[in-house]
Amino acid sequence: MASSNVTVLVAGSWGTALACVLADNGHRVKIWTRGTQQADEINTERTNRKYLKEAALPEALTATTDLAEALADAEAVVFVAPSSATREIARLAAPHIGPEALIVHATKGFETGSLKRMSQVLSEELGREEGQIVVLSGPSHAEEVAVRLPTTVVVAATDLLQAEAAQDLFMNDAYFRVYTNPDPIGAETAGAIKNIIGLGAGLSDGLGFGDNAKAALVTRGLAEIGRLGSAMGAHMLTFAGLAGVGDLIATCTSRHSRNYRAGELLAQGLGYEEVQSRIGMVVEGVRTTLAASKLAVQYGVEMPITSQLHAVLFEGKPPLQAVEALMGRVRTHEIEEAVLFNRSNPS
């Protein structure tokens, strides 16, 4: 594999973990942060303890607070900022990114105000065709990637050459396997909505409802992902893959998941602002619940789990009442196309 100059924006947990992968792959990696102390820690101590307590950072990874310096000669730029900060960072970065640079993002969320996917935001701010922007998604806790545990992800783009370039950049034989996918809409929608279902899974466990309830919530959550994604133009097969059910399993079953931990705190009756404070890092599922509730209306799709979590987070509804509302919904079909049933032969 040829060595490349790669820039990662920004130095949170997932950005740092991906920077480690890239450095392990022999690339020269710069990671940008606004924090001088954080940059000094990465460069001198080879750690980023606030975000990844267990990780030893490779020597090929360097940090800087100078955005122009970070992007100088970058052949690939990887955006891993929170969804709320992606537009601002892309706007600041745009003048320093060369026209041939590969653009990848690994942010799982929507822009709350515009309801746009991150590839749409990056396309607008960087002046790139949306199809050339690659989405990296899948079941990938930063804490595990940073200590080199086996992980498999997907890179999605409508431009196959761009997807394959990202695949070559990230994939290694030791611990990080990468598949390509032609459906960025599906990968982005699944990656965003699964955080809402992760909140619900943590809330369910926090209320002591057991495995049956959580399995049902995860399964019906996947149905919500599929309904919205399909309406937005995604391919349903994507939701059966790594970006869909794979990421959903990881988010809903692991204490590495901020969204799962946030759901547990919600079950204790804490408000979302206090939950955010206790987690100490961005909980994307909270913002995504706001955006997804609006997208459900915009696209005319039913998302009952999202609706009830919105009521808990922003309308003061007690978590137990939200669960009762879900269990008390009118009867319906699991497979919604009723034509699948032979009504003329009920036997």
# chains A, B, ... in the order shown; residues from 1 in each chain; ligands from 1
>>> residues_around(residues="stretch 44-60 of chain A", least_positions_apart="5", cutoff="8 Å", atoms="only C-alpha atoms", output="VMD selection string")
chain A and resid 12 to 13 16 20 23 to 24 26 to 29 38 142 to 143 146 to 147
>>> select_by_dssp(residues="stretch 38-257 of chain A", states="alpha helix (DSSP H)", output="PyMOL selection string")
chain A and resi 38-45+67-71+83-93+118-126+142-145+160-170+184-206+210-232+247-253
>>> write_last_selection(atoms="C-alpha atoms", output="CSV table (one decimal), in the first residue's frame")
chain,number,residue,atom,x,y,z
A,38,GLN,CA,-4.8,18.0,23.8
A,39,ALA,CA,-2.4,18.5,20.9
A,40,ASP,CA,0.6,18.6,23.2
A,41,GLU,CA,-0.6,15.4,25.0
A,42,ILE,CA,-0.9,13.5,21.7
A,43,ASN,CA,2.5,14.7,20.4
A,44,THR,CA,4.5,14.2,23.6
A,45,GLU,CA,2.7,11.5,25.6
A,67,LEU,CA,-6.0,23.9,10.4
A,68,ALA,CA,-3.9,25.1,7.4
A,69,GLU,CA,-0.9,23.2,8.6
A,70,ALA,CA,-3.1,20.1,9.2
A,71,LEU,CA,-4.4,20.1,5.7
A,83,SER,CA,-22.9,16.5,13.4
A,84,SER,CA,-23.6,19.9,14.9
A,85,ALA,CA,-20.0,21.1,14.1
A,86,THR,CA,-19.4,19.5,10.7
A,87,ARG,CA,-20.6,22.4,8.6
A,88,GLU,CA,-18.5,24.9,10.5
A,89,ILE,CA,-15.4,22.8,10.3
A,90,ALA,CA,-15.9,22.0,6.6
A,91,ARG,CA,-16.3,25.7,5.9
A,92,LEU,CA,-13.1,26.5,7.7
A,93,ALA,CA,-11.3,23.6,6.0
A,118,MET,CA,-23.5,14.8,6.5
A,119,SER,CA,-22.5,14.1,2.9
A,120,GLN,CA,-25.0,16.8,1.8
A,121,VAL,CA,-23.4,19.3,4.2
A,122,LEU,CA,-19.9,18.4,3.1
A,123,SER,CA,-20.9,18.7,-0.6
A,124,GLU,CA,-22.3,22.2,0.0
A,125,GLU,CA,-19.3,23.5,1.9
A,126,LEU,CA,-16.5,21.8,0.0
A,142,ALA,CA,-13.7,3.6,19.1
A,143,GLU,CA,-12.5,2.0,22.3
A,144,GLU,CA,-12.0,-1.3,20.6
A,145,VAL,CA,-10.6,0.0,17.4
A,160,LEU,CA,-17.1,3.2,-6.8
A,161,LEU,CA,-13.6,4.5,-7.5
A,162,GLN,CA,-13.9,6.8,-4.4
A,163,ALA,CA,-15.2,4.0,-2.3
A,164,GLU,CA,-12.4,1.7,-3.3
A,165,ALA,CA,-9.9,4.5,-2.6
A,166,ALA,CA,-11.2,4.8,0.9
A,167,GLN,CA,-11.2,1.0,1.2
A,168,ASP,CA,-7.6,0.9,0.3
A,169,LEU,CA,-6.8,3.7,2.7
A,170,PHE,CA,-8.3,2.1,5.8
A,184,PRO,CA,-24.4,6.3,1.1
A,185,ILE,CA,-28.0,7.4,1.9
A,186,GLY,CA,-28.7,4.0,3.5
A,187,ALA,CA,-25.4,4.0,5.4
A,188,GLU,CA,-25.9,7.5,6.7
A,189,THR,CA,-29.6,7.0,7.6
A,190,ALA,CA,-28.9,3.8,9.4
A,191,GLY,CA,-25.8,5.2,11.2
A,192,ALA,CA,-27.9,8.1,12.5
A,193,ILE,CA,-31.1,6.4,13.5
A,194,LYS,CA,-29.4,3.5,15.2
A,195,ASN,CA,-28.3,6.0,17.9
A,196,ILE,CA,-32.0,6.6,18.7
A,197,ILE,CA,-32.6,2.9,19.1
A,198,GLY,CA,-29.5,2.7,21.2
A,199,LEU,CA,-31.0,5.3,23.6
A,200,GLY,CA,-34.1,3.1,23.7
A,201,ALA,CA,-32.2,0.0,24.4
A,202,GLY,CA,-30.3,1.6,27.3
A,203,LEU,CA,-33.6,2.9,28.7
A,204,SER,CA,-35.2,-0.5,28.4
A,205,ASP,CA,-32.4,-2.2,30.3
A,206,GLY,CA,-32.3,0.7,32.8
A,210,GLY,CA,-35.1,-7.8,30.2
A,211,ASP,CA,-33.9,-9.4,26.9
A,212,ASN,CA,-37.3,-10.0,25.4
A,213,ALA,CA,-38.2,-6.3,25.5
A,214,LYS,CA,-34.8,-5.2,24.2
A,215,ALA,CA,-34.9,-7.7,21.3
A,216,ALA,CA,-38.3,-6.5,20.3
A,217,LEU,CA,-37.2,-2.8,20.5
A,218,VAL,CA,-34.1,-3.5,18.4
A,219,THR,CA,-36.1,-5.4,15.8
A,220,ARG,CA,-38.8,-2.8,15.5
A,221,GLY,CA,-36.1,-0.1,15.5
A,222,LEU,CA,-34.6,-1.7,12.4
A,223,ALA,CA,-38.1,-1.4,10.8
A,224,GLU,CA,-38.1,2.3,11.6
A,225,ILE,CA,-34.7,2.7,10.1
A,226,GLY,CA,-35.9,0.9,7.0
A,227,ARG,CA,-39.1,2.9,6.6
A,228,LEU,CA,-37.3,6.3,6.8
A,229,GLY,CA,-34.3,5.2,4.8
A,230,SER,CA,-36.4,3.7,2.0
A,231,ALA,CA,-38.5,7.0,1.8
A,232,MET,CA,-35.2,8.9,1.6
A,247,ASP,CA,-24.1,-1.2,13.8
A,248,LEU,CA,-27.5,-1.5,15.6
A,249,ILE,CA,-26.3,-4.6,17.5
A,250,ALA,CA,-23.1,-2.9,18.6
A,251,THR,CA,-24.9,0.2,19.8
A,252,CYS,CA,-27.7,-1.6,21.6
A,253,THR,CA,-25.6,-4.2,23.5
>>> closest_residue(among="A:Gly241, A:Asp73, A:Ala17, A:Pro319", to="A:Leu265", atoms="only C-alpha atoms")
A:Pro319
>>> residues_around(residues="A:Glu100", least_positions_apart="6", cutoff="12 Å", atoms="only C-alpha atoms", output="number ranges by chain")
A: 73-77, 126, 128, 132-133, 162
>>> residues_around(residues="A:Ser277", least_positions_apart="6", cutoff="12 Å", atoms="only C-alpha atoms", output="compact mmCIF listing (two decimals) with N, CA and C atoms, in the first residue's frame")
# COMPACT_ATOMS: atom_id res chain seq x y z
N ARG A 258 -22.22 5.43 23.97
CA ARG A 258 -22.70 6.58 24.74
C ARG A 258 -24.22 6.65 24.74
N ALA A 262 -26.58 6.69 27.88
CA ALA A 262 -27.51 7.81 28.06
C ALA A 262 -28.93 7.30 28.31
N LEU A 265 -29.38 6.31 31.87
CA LEU A 265 -29.55 7.48 32.74
C LEU A 265 -30.95 8.08 32.59
N LEU A 270 -33.38 11.23 34.77
CA LEU A 270 -32.57 12.41 34.50
C LEU A 270 -33.02 13.07 33.19
N GLY A 271 -32.93 14.40 33.13
CA GLY A 271 -33.21 15.13 31.90
C GLY A 271 -32.04 15.01 30.94
N VAL A 283 -23.65 13.01 22.72
CA VAL A 283 -24.56 11.88 22.56
C VAL A 283 -25.40 12.18 21.32
>>> decode(residues="stretch 87-211 of chain A", atoms="C-alpha atoms", output="short mmCIF file (atom, residue, chain, number, x, y, z; two decimals), in the first residue's frame")
data_model
loop_
_atom_site.label_atom_id
_atom_site.label_comp_id
_atom_site.auth_asym_id
_atom_site.auth_seq_id
_atom_site.Cartn_x
_atom_site.Cartn_y
_atom_site.Cartn_z
CA ARG A 87 -20.64 22.40 8.60
CA GLU A 88 -18.54 24.95 10.47
CA ILE A 89 -15.40 22.80 10.31
CA ALA A 90 -15.94 22.00 6.63
CA ARG A 91 -16.34 25.70 5.87
CA LEU A 92 -13.10 26.52 7.68
CA ALA A 93 -11.28 23.63 6.02
CA ALA A 94 -12.51 24.16 2.46
CA PRO A 95 -9.92 26.75 1.37
CA HIS A 96 -7.09 24.43 2.45
CA ILE A 97 -8.27 21.20 0.76
CA GLY A 98 -6.91 20.37 -2.67
CA PRO A 99 -9.32 19.51 -5.50
CA GLU A 100 -8.01 15.94 -5.82
CA ALA A 101 -8.16 15.04 -2.13
CA LEU A 102 -10.29 12.05 -1.17
CA ILE A 103 -13.11 13.10 1.20
CA VAL A 104 -14.40 10.64 3.79
CA HIS A 105 -16.71 11.23 6.73
CA ALA A 106 -17.52 9.00 9.70
CA THR A 107 -20.11 11.15 11.49
CA LYS A 108 -23.40 9.48 12.43
CA GLY A 109 -26.14 12.08 12.57
CA PHE A 110 -28.20 14.67 10.70
CA GLU A 111 -27.84 18.44 10.74
CA THR A 112 -30.64 19.38 13.12
CA GLY A 113 -31.73 22.61 11.44
CA SER A 114 -31.61 21.62 7.79
CA LEU A 115 -32.24 17.87 8.35
CA LYS A 116 -29.46 17.17 5.84
CA ARG A 117 -27.17 14.16 5.84
CA MET A 118 -23.48 14.84 6.46
CA SER A 119 -22.52 14.10 2.86
CA GLN A 120 -24.97 16.79 1.76
CA VAL A 121 -23.45 19.25 4.23
CA LEU A 122 -19.92 18.44 3.06
CA SER A 123 -20.94 18.66 -0.59
CA GLU A 124 -22.29 22.17 -0.04
CA GLU A 125 -19.33 23.46 1.95
CA LEU A 126 -16.53 21.79 -0.05
CA GLY A 127 -18.00 22.29 -3.51
CA ARG A 128 -17.85 18.57 -4.27
CA GLU A 129 -20.35 16.28 -5.93
CA GLU A 130 -22.22 14.45 -3.21
CA GLY A 131 -21.54 11.10 -4.89
CA GLN A 132 -17.78 11.60 -4.50
CA ILE A 133 -17.98 11.86 -0.71
CA VAL A 134 -17.42 8.54 1.05
CA VAL A 135 -19.34 7.49 4.16
CA LEU A 136 -17.56 5.23 6.66
CA SER A 137 -19.96 3.40 8.95
CA GLY A 138 -20.62 0.09 10.68
CA PRO A 139 -20.20 -1.56 14.10
CA SER A 140 -17.06 0.13 15.36
CA HIS A 141 -16.64 1.27 18.94
CA ALA A 142 -13.67 3.62 19.09
CA GLU A 143 -12.46 2.03 22.34
CA GLU A 144 -12.05 -1.34 20.60
CA VAL A 145 -10.55 -0.01 17.37
CA ALA A 146 -7.96 2.00 19.30
CA VAL A 147 -6.65 -1.15 21.01
CA ARG A 148 -6.64 -3.02 17.69
CA LEU A 149 -9.54 -5.44 18.28
CA PRO A 150 -11.00 -6.98 15.09
CA THR A 151 -13.47 -4.60 13.44
CA THR A 152 -15.33 -4.61 10.13
CA VAL A 153 -16.89 -1.52 8.54
CA VAL A 154 -18.33 -0.34 5.24
CA VAL A 155 -17.38 2.60 3.03
CA ALA A 156 -20.30 3.83 0.93
CA ALA A 157 -20.32 6.10 -2.12
CA THR A 158 -22.10 6.18 -5.45
CA ASP A 159 -18.69 6.71 -7.07
CA LEU A 160 -17.12 3.23 -6.85
CA LEU A 161 -13.60 4.54 -7.46
CA GLN A 162 -13.89 6.84 -4.44
CA ALA A 163 -15.24 4.02 -2.27
CA GLU A 164 -12.41 1.73 -3.33
CA ALA A 165 -9.86 4.45 -2.64
CA ALA A 166 -11.22 4.76 0.90
CA GLN A 167 -11.23 0.97 1.24
CA ASP A 168 -7.55 0.86 0.30
CA LEU A 169 -6.78 3.69 2.71
CA PHE A 170 -8.33 2.08 5.80
CA MET A 171 -8.19 -1.67 5.31
CA ASN A 172 -5.49 -3.83 6.87
CA ASP A 173 -5.01 -7.55 7.40
CA ALA A 174 -4.47 -7.27 11.15
CA TYR A 175 -7.71 -5.93 12.62
CA PHE A 176 -9.61 -3.52 10.33
CA ARG A 177 -11.60 -4.98 7.43
CA VAL A 178 -13.50 -2.72 5.01
CA TYR A 179 -16.28 -3.50 2.52
CA THR A 180 -17.60 -1.14 -0.17
CA ASN A 181 -21.26 -0.25 -0.60
CA PRO A 182 -22.97 1.89 -3.31
CA ASP A 183 -25.66 3.30 -0.98
CA PRO A 184 -24.44 6.30 1.08
CA ILE A 185 -28.01 7.38 1.85
CA GLY A 186 -28.68 4.03 3.50
CA ALA A 187 -25.38 4.02 5.38
CA GLU A 188 -25.93 7.55 6.70
CA THR A 189 -29.57 7.02 7.63
CA ALA A 190 -28.86 3.75 9.44
CA GLY A 191 -25.84 5.21 11.22
CA ALA A 192 -27.90 8.13 12.49
CA ILE A 193 -31.14 6.41 13.49
CA LYS A 194 -29.44 3.49 15.25
CA ASN A 195 -28.33 6.00 17.90
CA ILE A 196 -31.99 6.64 18.74
CA ILE A 197 -32.62 2.91 19.09
CA GLY A 198 -29.47 2.71 21.24
CA LEU A 199 -31.02 5.27 23.59
CA GLY A 200 -34.14 3.12 23.73
CA ALA A 201 -32.16 -0.05 24.42
CA GLY A 202 -30.35 1.58 27.33
CA LEU A 203 -33.62 2.92 28.66
CA SER A 204 -35.23 -0.53 28.42
CA ASP A 205 -32.38 -2.15 30.31
CA GLY A 206 -32.35 0.68 32.82
CA LEU A 207 -36.01 -0.01 33.57
CA GLY A 208 -35.20 -3.71 34.04
CA PHE A 209 -37.38 -4.95 31.19
CA GLY A 210 -35.13 -7.82 30.16
CA ASP A 211 -33.91 -9.38 26.94
#
